[in-house]
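Report on the structure given below.
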Amino acid sequence: MDEAKIYNVCLQRVKFQITNAKQKLNDSAAAEEKTILESYCTGDVNEIIDVLELYDLGNHDRNGLHEKLEDLAYTISILVREPITFDYDENGHLGLYLTLKKNPGDECDRADAALTAAAQG
């Protein structure tokens with residue numbers, strides 16, 4: 001199953017990228033982290049259709065593409081068991097993103113540790 005492709009998204013590659021992203025995010029203090037797993041370096045509908053091989057797309061417009069990407073992200077999320085979304089970056093390029101929500105207790109533990117260290121030092 002790891003070697004399966006959903007359209008032109010390789011599940012094994014996405015899982016590898018998720019592992020790397022989680023390692024990088026472990027050091028972050030934010031309650032929620034959204035990190036890009038891969039960028040498709042375009043915002044053009046027709047180029048995105050070609051890159052992801054979405055040839056069965058009914059409407060070749062932004063709305064049709066948006067619906068297809070939502071469905072694709074949901075399917076990938078289920079298969080890799082992580083919250084995956086497609087979104088556009090500040091340059092208008094489409095990317096595949098991982099969003100992790102940290103446990104609020106983790107933030108409290110970090111704050112307690114910092115206060116304890118400050119009180120002792």
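Ordering of the structure tokens sets the chain letters (A, B, ...); residue numbers start at 1 within each chain; ligands are numbered from 1 in the order shown.
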Identify, on the basis of only C-alpha atoms, every residue whose closest approach to Glu38 (chain A) does not exceed 8 Å; exclude the query and any residue fewer than 3 positions from it along the same chain; express the result as a PDB file with all heavy atoms, in the first residue's frame.
```
ATOM      1  N   GLY A  95       0.424  23.820  -2.939  1.00  0.00           N
ATOM      2  CA  GLY A  95       1.278  22.926  -2.171  1.00  0.00           C
ATOM      3  C   GLY A  95       0.453  21.919  -1.397  1.00  0.00           C
ATOM      4  O   GLY A  95      -0.755  22.097  -1.200  1.00  0.00           O
ATOM      5  N   LEU A  96       1.112  20.868  -0.975  1.00  0.00           N
ATOM      6  CA  LEU A  96       0.517  19.839  -0.129  1.00  0.00           C
ATOM      7  C   LEU A  96       1.014  20.096   1.286  1.00  0.00           C
ATOM      8  O   LEU A  96       2.229  20.182   1.517  1.00  0.00           O
ATOM      9  CB  LEU A  96       0.959  18.444  -0.602  1.00  0.00           C
ATOM     10  CG  LEU A  96       0.372  17.247   0.128  1.00  0.00           C
ATOM     11  CD1 LEU A  96      -1.132  17.152  -0.122  1.00  0.00           C
ATOM     12  CD2 LEU A  96       1.055  15.968  -0.335  1.00  0.00           C
ATOM     13  N   TYR A  97       0.098  20.243   2.230  1.00  0.00           N
ATOM     14  CA  TYR A  97       0.436  20.644   3.594  1.00  0.00           C
ATOM     15  C   TYR A  97       0.016  19.611   4.629  1.00  0.00           C
ATOM     16  O   TYR A  97      -0.978  18.914   4.465  1.00  0.00           O
ATOM     17  CB  TYR A  97      -0.263  21.966   3.950  1.00  0.00           C
ATOM     18  CG  TYR A  97       0.266  23.157   3.206  1.00  0.00           C
ATOM     19  CD1 TYR A  97      -0.195  23.464   1.934  1.00  0.00           C
ATOM     20  CD2 TYR A  97       1.224  23.975   3.772  1.00  0.00           C
ATOM     21  CE1 TYR A  97       0.288  24.564   1.238  1.00  0.00           C
ATOM     22  CE2 TYR A  97       1.714  25.085   3.092  1.00  0.00           C
ATOM     23  CZ  TYR A  97       1.243  25.373   1.831  1.00  0.00           C
ATOM     24  OH  TYR A  97       1.727  26.455   1.157  1.00  0.00           O
TER      25      TYR A  97
END
```
Test item: residues at most 9 Å from region 60-69 of chain A, only C-alpha atoms, excluding those fewer than 5 positions along its chain, as a list in words: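 Here the qualifying residues turn out to be Val45, Asn46, Ile48, Ile49, Leu54, Tyr74, Thr85 and Phe86 of chain A.
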N, CA, C and O atoms of the current selection, written as a compact mmCIF listing (two decimals), in the first residue's frame:
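The result, stored in again.txt:
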```txt
# COMPACT_ATOMS: atom_id res chain seq x y z
N VAL A 45 -4.33 26.43 -13.20
CA VAL A 45 -5.23 25.27 -13.13
C VAL A 45 -4.80 24.15 -14.06
O VAL A 45 -4.71 22.98 -13.65
N ASN A 46 -4.51 24.46 -15.31
CA ASN A 46 -4.15 23.42 -16.28
C ASN A 46 -2.82 22.75 -15.93
O ASN A 46 -2.66 21.54 -16.11
N ILE A 48 -1.62 22.41 -12.86
CA ILE A 48 -1.90 21.57 -11.69
C ILE A 48 -2.56 20.26 -12.12
O ILE A 48 -2.21 19.19 -11.64
N ILE A 49 -3.50 20.37 -13.05
CA ILE A 49 -4.17 19.17 -13.58
C ILE A 49 -3.14 18.23 -14.19
O ILE A 49 -3.17 17.02 -13.95
N LEU A 54 -4.87 14.90 -12.89
CA LEU A 54 -6.29 14.96 -12.53
C LEU A 54 -7.16 15.01 -13.79
O LEU A 54 -8.04 15.85 -13.93
N TYR A 74 -8.63 14.57 1.37
CA TYR A 74 -9.35 13.71 2.32
C TYR A 74 -8.91 12.25 2.16
O TYR A 74 -8.60 11.57 3.14
N THR A 85 -3.79 18.76 3.60
CA THR A 85 -4.59 19.70 2.82
C THR A 85 -3.77 20.21 1.63
O THR A 85 -2.55 20.15 1.65
N PHE A 86 -4.48 20.69 0.65
CA PHE A 86 -3.86 21.44 -0.44
C PHE A 86 -4.18 22.90 -0.18
O PHE A 86 -5.29 23.25 0.23
```
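The gap separating CA of Asp44 (chain A) from CA of Leu79 (chain A) is 27.1 Å, in Å to one decimal.
Of the residues under consideration (A:Cys41, A:Ile18, A:Val9, A:Leu25), A:Val9 shows the shortest atom-to-atom contact distance to Glu53 (chain A) when counting only C-alpha atoms.
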Report, in Å with one decimal, the straight-line distance from CA of Ile78 (chain A) to CA of Lys22 (chain A). 17.6 Å
Atomic distance CA of Asn26 (chain A) - CA of Asn8 (chain A), expressed in Å with one decimal: 28.9 Å
Counting only C-alpha atoms, the residue of A:Leu98, A:Ile36, A:Val51, A:Ala21 that sits nearest Tyr7 (chain A): A:Val51
